[in-house]
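Colleague: File coords33.cif follows (mmCIF, C-alpha atoms; chains and numbers go by the auth columns):
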```cif
data_query
loop_
_atom_site.group_PDB
_atom_site.id
_atom_site.type_symbol
_atom_site.label_atom_id
_atom_site.label_comp_id
_atom_site.label_asym_id
_atom_site.label_seq_id
_atom_site.Cartn_x
_atom_site.Cartn_y
_atom_site.Cartn_z
_atom_site.B_iso_or_equiv
_atom_site.auth_seq_id
_atom_site.auth_asym_id
ATOM 1 C CA MET A 1 0.636 7.811 -4.325 0.00 7 D
ATOM 2 C CA ILE A 2 -2.605 8.186 -2.336 0.00 8 D
ATOM 3 C CA LYS A 3 -0.645 10.216 0.208 0.00 9 D
ATOM 4 C CA LYS A 4 0.419 12.588 -2.575 0.00 10 D
ATOM 5 C CA LEU A 5 -3.105 12.844 -3.984 0.00 11 D
ATOM 6 C CA LEU A 6 -4.438 13.735 -0.542 0.00 12 D
ATOM 7 C CA ASN A 7 -1.868 16.488 -0.060 0.00 13 D
ATOM 8 C CA PRO A 8 -0.560 17.748 -3.414 0.00 14 D
ATOM 9 C CA ILE A 9 0.782 20.945 -1.830 0.00 15 D
ATOM 10 C CA GLU A 10 3.254 18.938 0.257 0.00 16 D
ATOM 11 C CA TYR A 11 4.780 16.923 -2.553 0.00 17 D
ATOM 12 C CA PHE A 12 4.453 18.612 -5.942 0.00 18 D
ATOM 13 C CA ASN A 13 6.390 21.505 -7.416 0.00 19 D
ATOM 14 C CA ASP A 14 4.126 24.580 -7.284 0.00 20 D
ATOM 15 C CA ARG A 15 4.563 25.694 -10.920 0.00 21 D
ATOM 16 C CA LYS A 16 4.118 22.212 -12.380 0.00 22 D
ATOM 17 C CA LEU A 17 1.058 21.709 -10.187 0.00 23 D
ATOM 18 C CA LEU A 18 -0.395 25.053 -11.306 0.00 24 D
ATOM 19 C CA LEU A 19 0.069 24.105 -14.968 0.00 25 D
ATOM 20 C CA PHE A 20 -1.567 20.715 -14.362 0.00 26 D
ATOM 21 C CA ASN A 21 -4.411 22.328 -12.403 0.00 27 D
ATOM 22 C CA PHE A 22 -4.989 24.917 -15.112 0.00 28 D
ATOM 23 C CA LEU A 23 -5.241 22.242 -17.801 0.00 29 D
ATOM 24 C CA ILE A 24 -7.652 20.251 -15.631 0.00 30 D
ATOM 25 C CA PHE A 25 -9.633 23.452 -15.044 0.00 31 D
ATOM 26 C CA ILE A 26 -10.090 23.937 -18.815 0.00 32 D
ATOM 27 C CA ILE A 27 -10.970 20.269 -19.428 0.00 33 D
ATOM 28 C CA GLY A 28 -13.195 20.148 -16.330 0.00 34 D
ATOM 29 C CA THR A 29 -15.096 23.292 -17.276 0.00 35 D
ATOM 30 C CA ILE A 30 -15.734 21.879 -20.759 0.00 36 D
ATOM 31 C CA ILE A 31 -16.977 18.609 -19.187 0.00 37 D
ATOM 32 C CA ALA A 32 -19.249 20.535 -16.791 0.00 38 D
ATOM 33 C CA ILE A 33 -20.705 22.536 -19.701 0.00 39 D
ATOM 34 C CA LEU A 34 -21.240 19.406 -21.818 0.00 40 D
ATOM 35 C CA MET A 35 -22.884 17.641 -18.861 0.00 41 D
ATOM 36 C CA LYS A 36 -25.061 20.718 -18.207 0.00 42 D
ATOM 37 C CA GLY A 37 -23.619 21.434 -14.771 0.00 43 D
ATOM 38 C CA TRP A 38 -23.704 24.739 -12.932 0.00 44 D
ATOM 39 C CA PHE A 39 -21.928 25.805 -9.779 0.00 45 D
ATOM 40 C CA SER A 40 -24.371 27.286 -7.314 0.00 46 D
ATOM 41 C CA SER A 41 -21.903 27.663 -4.416 0.00 47 D
ATOM 42 C CA VAL A 42 -18.288 26.825 -3.584 0.00 48 D
ATOM 43 C CA ILE A 43 -19.231 23.305 -2.496 0.00 49 D
ATOM 44 C CA GLN A 44 -22.149 22.526 -4.789 0.00 50 D
ATOM 45 C CA LEU A 45 -22.690 21.260 -8.314 0.00 51 D
ATOM 46 C CA LEU A 46 -26.170 21.171 -9.797 0.00 52 D
ATOM 47 C CA PHE A 47 -27.525 20.383 -13.244 0.00 53 D
ATOM 48 C CA LYS A 48 -30.135 21.909 -15.500 0.00 54 D
ATOM 49 C CA SER A 49 -31.601 21.094 -18.883 0.00 55 D
ATOM 50 C CA GLU A 50 -29.697 23.827 -20.712 0.00 56 D
ATOM 51 C CA VAL A 51 -26.558 25.680 -19.658 0.00 57 D
ATOM 52 C CA ASN A 52 -24.901 28.825 -20.840 0.00 58 D
ATOM 53 C CA ILE A 53 -21.180 28.373 -21.594 0.00 59 D
ATOM 54 C CA TYR A 54 -20.397 31.846 -20.290 0.00 60 D
ATOM 55 C CA GLU A 55 -22.350 31.276 -17.042 0.00 61 D
ATOM 56 C CA THR A 56 -20.798 27.921 -16.089 0.00 62 D
ATOM 57 C CA THR A 57 -17.276 29.148 -16.924 0.00 63 D
ATOM 58 C CA THR A 58 -17.750 32.373 -14.965 0.00 64 D
ATOM 59 C CA GLU A 59 -19.254 30.477 -12.016 0.00 65 D
ATOM 60 C CA ASN A 60 -16.265 28.138 -11.922 0.00 66 D
ATOM 61 C CA ILE A 61 -13.787 31.040 -12.089 0.00 67 D
ATOM 62 C CA ILE A 62 -15.619 32.894 -9.303 0.00 68 D
ATOM 63 C CA VAL A 63 -15.678 29.753 -7.126 0.00 69 D
ATOM 64 C CA ILE A 64 -11.912 29.355 -7.601 0.00 70 D
ATOM 65 C CA ILE A 65 -11.344 33.039 -6.734 0.00 71 D
ATOM 66 C CA LEU A 66 -13.535 32.742 -3.613 0.00 72 D
ATOM 67 C CA LEU A 67 -11.755 29.588 -2.454 0.00 73 D
ATOM 68 C CA THR A 68 -8.380 31.259 -3.037 0.00 74 D
ATOM 69 C CA ILE A 69 -9.537 34.231 -0.935 0.00 75 D
ATOM 70 C CA VAL A 70 -10.523 31.805 1.868 0.00 76 D
ATOM 71 C CA PHE A 71 -7.220 29.908 1.844 0.00 77 D
ATOM 72 C CA PHE A 72 -5.057 32.996 1.384 0.00 78 D
ATOM 73 C CA SER A 73 -6.759 35.223 3.986 0.00 79 D
ATOM 74 C CA ALA A 74 -6.878 32.455 6.616 0.00 80 D
ATOM 75 C CA GLY A 75 -3.314 31.429 5.732 0.00 81 D
ATOM 76 C CA LYS A 76 -1.998 34.989 6.008 0.00 82 D
ATOM 77 C CA ILE A 77 -3.630 35.424 9.434 0.00 83 D
ATOM 78 C CA ILE A 78 -1.979 32.202 10.661 0.00 84 D
ATOM 79 C CA ASN A 79 1.366 32.524 8.877 0.00 85 D
ATOM 80 C CA LYS A 80 2.605 35.620 7.032 0.00 86 D
ATOM 81 C CA LYS A 81 4.742 33.431 4.758 0.00 87 D
ATOM 82 C CA THR A 82 1.673 31.833 3.134 0.00 88 D
ATOM 83 C CA ARG A 83 1.957 32.097 -0.657 0.00 89 D
ATOM 84 C CA LEU A 84 -0.798 32.885 -3.144 0.00 90 D
ATOM 85 C CA ILE A 85 0.346 30.211 -5.608 0.00 91 D
ATOM 86 C CA ASP A 86 -0.212 27.426 -3.029 0.00 92 D
ATOM 87 C CA CYS A 87 -3.710 28.745 -2.239 0.00 93 D
ATOM 88 C CA LEU A 88 -4.531 28.982 -5.935 0.00 94 D
ATOM 89 C CA ASN A 89 -3.280 25.429 -6.469 0.00 95 D
ATOM 90 C CA LEU A 90 -5.452 24.114 -3.650 0.00 96 D
ATOM 91 C CA SER A 91 -8.503 25.968 -5.005 0.00 97 D
ATOM 92 C CA PHE A 92 -8.011 24.515 -8.487 0.00 98 D
ATOM 93 C CA TYR A 93 -7.350 21.041 -7.064 0.00 99 D
ATOM 94 C CA THR A 94 -10.506 20.938 -4.930 0.00 100 D
ATOM 95 C CA ARG A 95 -12.596 21.448 -8.096 0.00 101 D
ATOM 96 C CA ILE A 96 -11.492 18.152 -9.699 0.00 102 D
ATOM 97 C CA PRO A 97 -14.079 15.905 -7.932 0.00 103 D
ATOM 98 C CA PHE A 98 -16.891 18.162 -9.202 0.00 104 D
ATOM 99 C CA TYR A 99 -15.774 17.661 -12.814 0.00 105 D
ATOM 100 C CA LEU A 100 -15.762 13.896 -12.288 0.00 106 D
ATOM 101 C CA ILE A 101 -19.223 13.936 -10.693 0.00 107 D
ATOM 102 C CA SER A 102 -20.623 15.959 -13.594 0.00 108 D
ATOM 103 C CA LEU A 103 -19.779 13.011 -15.879 0.00 109 D
ATOM 104 C CA LEU A 104 -22.625 11.090 -14.210 0.00 110 D
ATOM 105 C CA ASN A 105 -25.096 13.344 -15.991 0.00 111 D
ATOM 106 C CA PHE A 106 -24.235 11.846 -19.395 0.00 112 D
ATOM 107 C CA LYS A 107 -27.845 10.686 -19.774 0.00 113 D
ATOM 108 C CA GLY A 108 -29.312 13.914 -18.469 0.00 114 D
ATOM 109 C CA SER A 109 -31.173 12.176 -15.644 0.00 115 D
ATOM 110 C CA LEU A 110 -29.561 14.366 -12.986 0.00 116 D
ATOM 111 C CA SER A 111 -30.753 17.464 -14.839 0.00 117 D
ATOM 112 C CA ARG A 112 -34.325 16.235 -14.350 0.00 118 D
ATOM 113 C CA SER A 113 -33.933 15.273 -10.690 0.00 119 D
ATOM 114 C CA MET A 114 -31.992 18.247 -9.366 0.00 120 D
ATOM 115 C CA PRO A 115 -33.152 21.725 -8.326 0.00 121 D
ATOM 116 C CA ILE A 116 -33.743 24.004 -11.308 0.00 122 D
ATOM 117 C CA LYS A 117 -32.360 27.514 -11.555 0.00 123 D
ATOM 118 C CA LEU A 118 -35.147 29.700 -12.935 0.00 124 D
ATOM 119 C CA GLU A 119 -34.735 32.809 -15.091 0.00 125 D
ATOM 120 C CA ASP A 120 -35.355 35.100 -12.114 0.00 126 D
ATOM 121 C CA GLY A 121 -32.486 33.411 -10.231 0.00 127 D
ATOM 122 C CA SER A 122 -34.725 31.473 -7.814 0.00 128 D
ATOM 123 C CA ILE A 123 -34.356 27.699 -7.353 0.00 129 D
ATOM 124 C CA LYS A 124 -37.204 25.224 -7.918 0.00 130 D
ATOM 125 C CA ILE A 125 -37.064 21.739 -6.338 0.00 131 D
ATOM 126 C CA PRO A 126 -38.633 19.109 -8.676 0.00 132 D
ATOM 127 C CA SER A 127 -40.918 16.358 -7.366 0.00 133 D
ATOM 128 C CA THR A 128 -39.678 12.755 -7.112 0.00 134 D
ATOM 129 C CA ASN A 129 -41.777 11.936 -10.195 0.00 135 D
ATOM 130 C CA ALA A 130 -39.135 13.777 -12.167 0.00 136 D
ATOM 131 C CA LEU A 131 -37.157 10.525 -12.179 0.00 137 D
ATOM 132 C CA TYR A 132 -38.431 8.368 -14.994 0.00 138 D
ATOM 133 C CA ASN A 133 -36.886 4.911 -14.863 0.00 139 D
ATOM 134 C CA THR A 134 -34.773 2.494 -12.827 0.00 140 D
ATOM 135 C CA SER A 135 -31.476 3.551 -14.395 0.00 141 D
ATOM 136 C CA ASP A 136 -32.210 7.145 -13.349 0.00 142 D
ATOM 137 C CA TYR A 137 -32.649 5.962 -9.759 0.00 143 D
ATOM 138 C CA ILE A 138 -29.412 3.934 -9.968 0.00 144 D
ATOM 139 C CA ILE A 139 -27.495 6.972 -11.267 0.00 145 D
ATOM 140 C CA SER A 140 -28.999 9.127 -8.514 0.00 146 D
ATOM 141 C CA PHE A 141 -27.989 6.521 -5.921 0.00 147 D
ATOM 142 C CA ILE A 142 -24.421 6.315 -7.289 0.00 148 D
ATOM 143 C CA THR A 143 -24.253 10.119 -7.328 0.00 149 D
ATOM 144 C CA SER A 144 -25.349 10.289 -3.691 0.00 150 D
ATOM 145 C CA CYS A 145 -22.698 7.741 -2.646 0.00 151 D
ATOM 146 C CA LEU A 146 -20.046 9.560 -4.673 0.00 152 D
ATOM 147 C CA ASN A 147 -21.052 12.864 -3.099 0.00 153 D
ATOM 148 C CA ILE A 148 -20.333 11.437 0.352 0.00 154 D
ATOM 149 C CA LEU A 149 -16.945 10.150 -0.842 0.00 155 D
ATOM 150 C CA VAL A 150 -16.180 13.525 -2.433 0.00 156 D
ATOM 151 C CA ILE A 151 -17.008 15.345 0.808 0.00 157 D
ATOM 152 C CA ILE A 152 -14.682 13.042 2.782 0.00 158 D
ATOM 153 C CA PHE A 153 -11.966 13.413 0.115 0.00 159 D
ATOM 154 C CA LEU A 154 -12.300 17.216 0.125 0.00 160 D
ATOM 155 C CA ILE A 155 -12.160 17.460 3.923 0.00 161 D
ATOM 156 C CA ILE A 156 -8.943 15.390 4.008 0.00 162 D
ATOM 157 C CA VAL A 157 -7.366 17.274 1.077 0.00 163 D
ATOM 158 C CA ILE A 158 -8.257 20.718 2.415 0.00 164 D
ATOM 159 C CA TYR A 159 -7.190 19.883 5.979 0.00 165 D
ATOM 160 C CA ARG A 160 -3.804 18.425 4.969 0.00 166 D
ATOM 161 C CA SER A 161 -3.028 20.911 2.232 0.00 167 D
ATOM 162 C CA PHE A 162 -4.038 23.911 4.301 0.00 168 D
ATOM 163 C CA ARG A 163 -1.828 22.643 7.136 0.00 169 D
ATOM 164 C CA THR A 164 1.099 22.525 4.694 0.00 170 D
ATOM 165 C CA LEU A 165 0.522 25.864 2.996 0.00 171 D
ATOM 166 C CA SER A 166 0.028 27.786 6.249 0.00 172 D
ATOM 167 C CA ASN A 167 1.986 25.601 8.714 0.00 173 D
ATOM 168 C CA ALA A 168 -1.155 25.603 10.892 0.00 174 D
ATOM 169 C CA LYS A 169 -0.767 23.685 14.134 0.00 175 D
ATOM 170 C CA LYS A 170 -2.996 25.148 16.814 0.00 176 D
ATOM 171 C CA THR A 171 -6.733 24.588 17.179 0.00 177 D
ATOM 172 C CA ILE A 172 -7.316 28.344 16.868 0.00 178 D
ATOM 173 C CA ASP A 173 -5.692 28.247 13.397 0.00 179 D
ATOM 174 C CA TYR A 174 -8.337 25.799 12.191 0.00 180 D
ATOM 175 C CA VAL A 175 -11.120 27.748 13.919 0.00 181 D
ATOM 176 C CA ILE A 176 -10.064 30.864 11.946 0.00 182 D
ATOM 177 C CA PHE A 177 -9.993 28.865 8.720 0.00 183 D
ATOM 178 C CA ILE A 178 -13.385 27.198 9.298 0.00 184 D
ATOM 179 C CA ALA A 179 -14.976 30.547 10.221 0.00 185 D
ATOM 180 C CA ILE A 180 -13.748 32.227 7.004 0.00 186 D
ATOM 181 C CA PHE A 181 -14.706 29.154 4.961 0.00 187 D
ATOM 182 C CA LEU A 182 -18.248 29.137 6.372 0.00 188 D
ATOM 183 C CA ILE A 183 -18.728 32.861 5.745 0.00 189 D
ATOM 184 C CA VAL A 184 -17.637 32.515 2.104 0.00 190 D
ATOM 185 C CA THR A 185 -19.738 29.336 1.650 0.00 191 D
ATOM 186 C CA ILE A 186 -22.830 31.200 2.864 0.00 192 D
ATOM 187 C CA LEU A 187 -22.067 34.267 0.742 0.00 193 D
ATOM 188 C CA SER A 188 -21.078 32.377 -2.424 0.00 194 D
ATOM 189 C CA PRO A 189 -24.625 31.532 -3.662 0.00 195 D
ATOM 190 C CA ILE A 190 -25.516 35.230 -3.386 0.00 196 D
ATOM 191 C CA ILE A 191 -22.386 36.263 -5.296 0.00 197 D
ATOM 192 C CA LEU A 192 -22.896 33.555 -7.949 0.00 198 D
ATOM 193 C CA ASN A 193 -26.527 34.529 -8.345 0.00 199 D
ATOM 194 C CA LEU A 194 -25.439 37.995 -9.465 0.00 200 D
ATOM 195 C CA ILE A 195 -24.113 36.600 -12.760 0.00 201 D
ATOM 196 C CA MET B 1 42.014 13.203 31.593 0.00 3 C
ATOM 197 C CA VAL B 2 39.573 16.099 31.728 0.00 4 C
ATOM 198 C CA GLN B 3 36.351 15.640 33.667 0.00 5 C
ATOM 199 C CA GLY B 4 33.396 17.949 34.277 0.00 6 C
ATOM 200 C CA ASN B 5 29.977 19.018 33.065 0.00 7 C
ATOM 201 C CA TYR B 6 30.045 20.956 29.841 0.00 8 C
ATOM 202 C CA PRO B 7 27.048 22.300 27.906 0.00 9 C
ATOM 203 C CA LEU B 8 26.542 20.677 24.521 0.00 10 C
ATOM 204 C CA PRO B 9 26.733 22.922 21.466 0.00 11 C
ATOM 205 C CA ILE B 10 23.257 23.633 20.091 0.00 12 C
ATOM 206 C CA PHE B 11 23.942 21.657 16.914 0.00 13 C
ATOM 207 C CA LEU B 12 24.470 18.488 18.967 0.00 14 C
ATOM 208 C CA LYS B 13 21.207 19.017 20.823 0.00 15 C
ATOM 209 C CA LEU B 14 19.300 18.684 17.589 0.00 16 C
ATOM 210 C CA SER B 15 17.917 15.412 16.286 0.00 17 C
ATOM 211 C CA SER B 16 19.773 13.618 13.499 0.00 18 C
ATOM 212 C CA LYS B 17 16.996 14.605 11.102 0.00 19 C
ATOM 213 C CA GLU B 18 17.432 18.273 12.013 0.00 20 C
ATOM 214 C CA GLN B 19 21.211 18.025 11.669 0.00 21 C
ATOM 215 C CA GLU B 20 20.749 16.460 8.236 0.00 22 C
ATOM 216 C CA PHE B 21 18.428 19.332 7.297 0.00 23 C
ATOM 217 C CA ILE B 22 21.049 21.923 8.286 0.00 24 C
ATOM 218 C CA LEU B 23 23.683 20.082 6.270 0.00 25 C
ATOM 219 C CA GLN B 24 21.401 20.004 3.222 0.00 26 C
ATOM 220 C CA PHE B 25 20.612 23.686 3.720 0.00 27 C
ATOM 221 C CA PHE B 26 24.332 24.470 3.782 0.00 28 C
ATOM 222 C CA LEU B 27 25.094 22.332 0.730 0.00 29 C
ATOM 223 C CA THR B 28 22.384 24.017 -1.327 0.00 30 C
ATOM 224 C CA SER B 29 23.698 27.473 -0.349 0.00 31 C
ATOM 225 C CA GLY B 30 20.537 28.132 1.619 0.00 32 C
ATOM 226 C CA SER B 31 18.213 27.684 -1.340 0.00 33 C
ATOM 227 C CA LEU B 32 14.944 26.184 -0.104 0.00 34 C
ATOM 228 C CA LYS B 33 13.748 25.674 -3.669 0.00 35 C
ATOM 229 C CA GLU B 34 16.873 23.684 -4.484 0.00 36 C
ATOM 230 C CA MET B 35 16.421 21.662 -1.300 0.00 37 C
ATOM 231 C CA ALA B 36 12.794 20.936 -2.142 0.00 38 C
ATOM 232 C CA SER B 37 13.818 19.772 -5.603 0.00 39 C
ATOM 233 C CA GLN B 38 16.542 17.493 -4.188 0.00 40 C
ATOM 234 C CA LEU B 39 14.304 16.036 -1.476 0.00 41 C
ATOM 235 C CA GLY B 40 11.356 15.522 -3.826 0.00 42 C
ATOM 236 C CA ILE B 41 8.981 17.627 -1.738 0.00 43 C
ATOM 237 C CA SER B 42 7.448 21.063 -2.200 0.00 44 C
ATOM 238 C CA TYR B 43 8.803 24.464 -1.227 0.00 45 C
ATOM 239 C CA PRO B 44 6.211 25.121 1.552 0.00 46 C
ATOM 240 C CA THR B 45 7.054 21.768 3.145 0.00 47 C
ATOM 241 C CA VAL B 46 10.770 22.666 3.337 0.00 48 C
ATOM 242 C CA ARG B 47 9.931 26.176 4.557 0.00 49 C
ATOM 243 C CA ASN B 48 7.715 24.703 7.308 0.00 50 C
ATOM 244 C CA GLN B 49 10.520 22.365 8.392 0.00 51 C
ATOM 245 C CA LEU B 50 12.893 25.341 8.558 0.00 52 C
ATOM 246 C CA ASP B 51 10.390 27.432 10.543 0.00 53 C
ATOM 247 C CA ASP B 52 9.832 24.553 12.982 0.00 54 C
ATOM 248 C CA MET B 53 13.593 24.166 13.421 0.00 55 C
ATOM 249 C CA ILE B 54 14.089 27.889 14.023 0.00 56 C
ATOM 250 C CA LYS B 55 11.414 27.735 16.713 0.00 57 C
ATOM 251 C CA HIS B 56 13.036 24.628 18.232 0.00 58 C
ATOM 252 C CA ILE B 57 16.490 26.272 18.319 0.00 59 C
ATOM 253 C CA LYS B 58 15.050 29.432 19.860 0.00 60 C
ATOM 254 C CA ASP B 59 13.388 27.287 22.536 0.00 61 C
ATOM 255 C CA LEU B 60 16.703 25.517 23.219 0.00 62 C
ATOM 256 C CA ASN B 61 18.462 28.868 23.636 0.00 63 C
ATOM 257 C CA ILE B 62 15.959 29.932 26.261 0.00 64 C
#
```
So that I can check it, write out the structure of this file as structure tokens.
Modeller:
Amino acid sequence: MIKKLLNPIEYFNDRKLLLFNFLIFIIGTIIAILMKGWFSSVIQLLFKSEVNIYETTTENIIVIILLTIVFFSAGKIINKKTRLIDCLNLSFYTRIPFYLISLLNFKGSLSRSMPIKLEDGSIKIPSTNALYNTSDYIISFITSCLNILVIIFLIIVIYRSFRTLSNAKKTIDYVIFIAIFLIVTILSPIILNLI
Amino acid sequence: MVQGNYPLPIFLKLSSKEQEFILQFFLTSGSLKEMASQLGISYPTVRNQLDDMIKHIKDLNI
């Protein structure tokens, strides 16, 4: 089962997976809104004291579109048979850990400890005094550990799934993919800031 | 008795797994989607296996 979870593109029917991913996208976006999360880049989830439903939903959609562009463009360069549906599935799937992490903000402590997005679009880093009690520190510690696990999980999922969807084998294939991924990761905060 | 060196047909140069794949491909009338459904794997996985086999057969021909 773990093998399947780490490479859904290899084992699951594309249409069923897309339906599942779409449902998770709706549920996950609702969770992120309720937990006051916002997506500042394709690989980042932050929290603030108040969120706008429209903003968080749009940010999530844009992140999925950007990730799909990364997977599809790199995939097409490597293998012309790469399909959009597989790239879209991988983009949706890589968002799931972010929805789970947002659940840790049920008490709102992460909203107080994380960088704040100001009205003018700039980001303010709060001081460590923003954390008020021991449970806030514990939640922050758990979040940090989970973030590391999520990064490892995402690297494995993206590596394996991308290999399947594009049939990538050579080192140059992965260099192309990483280059496009880095460019989009750098550009994504600028694009998301335009909302 | 007939003795001598004869080249093997390409099909026999393939691994048993590859031969099984060709048989499955034939039995599903060449439908990769049908094959994927029968094997319990996804379409891109079957397509990759086919692409790898095509490359292998081309290499054998050379």
Colleague: For the PyMOL selection byres ((chain D) within 12 of (chain C)), applied here, can you spell out every residue it catches as a count of residues only?
Modeller: 31
Colleague: Mind giving me the straight-line distance from CA of Leu14 (chain C) to CA of Phe27 (chain C) in Å, one decimal?
Modeller: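 Taking CA of Leu14 (chain C) and CA of Phe27 (chain C), their separation equals 16.6 Å.
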Colleague: Env of Val181 (chain D): 12 Å cut, atoms = all atoms listed in the file, seq-sep filter 5 positions within chain, self excluded. Answer as a list in words.
Modeller: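 Answer for this query is Ala80, Gly81, Ile83, Ile84, Tyr165, Ala174, Lys175, Lys176, Ile186, Phe187 and Leu188 of chain D.
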Colleague: For CA of Ile144 (chain D) and CA of Phe104 (chain D), determine how far apart the two atoms are, in Å to one decimal place.
Modeller: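 One can read the CA of Ile144 (chain D) to CA of Phe104 (chain D) distance as 19.0 Å.
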Colleague: Suppose you want the space between CA of Phe45 (chain D) and CA of Ile70 (chain D); what is it in Å?
Modeller: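 Going from CA of Phe45 (chain D) over to CA of Ile70 (chain D) covers 10.8 Å.
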Colleague: Which residues would end up in the selection if the PyMOL selection byres ((chain C and resi 26) around 12) were applied here, given that I need the answer as a PyMOL selection string?
Modeller: chain C and resi 19-25+27-41+48+52
Colleague: Please write as an MDAnalysis selection string the full residue list that the PyMOL selection byres ((chain D and resi 190) around 9) yields on this file.
Modeller: chainID D and resid 48 72:73 75:76 185:189 191:194
Colleague: When distances are computed from only C-alpha atoms, which of D:Ile162, D:Ile178, D:Ile184, D:Val69 shows the smallest separation from Leu198 (chain D)?
Modeller: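 So, comparing all the options, the nearest one is D:Val69.
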Colleague: Pick out the closest residue to Met41 (chain D) from this set: D:Phe147, D:Phe112, D:Tyr180, D:Phe78. Count only C-alpha atoms.
Modeller: D:Phe112
Colleague: Which is closer to Ser141 (chain D) than all the others in D:Asn111, D:Thr35, D:Asn153, D:Gln50, using all atoms listed in the file?
Modeller: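 Of the candidates, the smallest distance to Ser141 (chain D) is held by D:Asn111.
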Colleague: Give the centre and edge lengths of an axis-aligned box, in Å to one decimal, that holds all listed atoms of region 102-114 of chain D with 6 Å on each side, as JSON.
Modeller:
```
{"center_x": -20.4, "center_y": 14.4, "center_z": -13.9, "size_x": 29.8, "size_y": 19.5, "size_z": 23.8}
```
Colleague: Within 10 Å of Leu62 (chain C), counting all atoms listed in the file, which residues show up once you throw out same-chain ones fewer than 5 positions away? Write them as number ranges by chain, please.
Modeller: C: 12, 15-16, 56-57
Colleague: From the list D:Thr74, D:Asn95, D:Ser55, D:Ser47, which residue is nearest Leu116 (chain D) when using only C-alpha atoms?
Modeller: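 Ranked by minimum distance to Leu116 (chain D), first place goes to D:Ser55.
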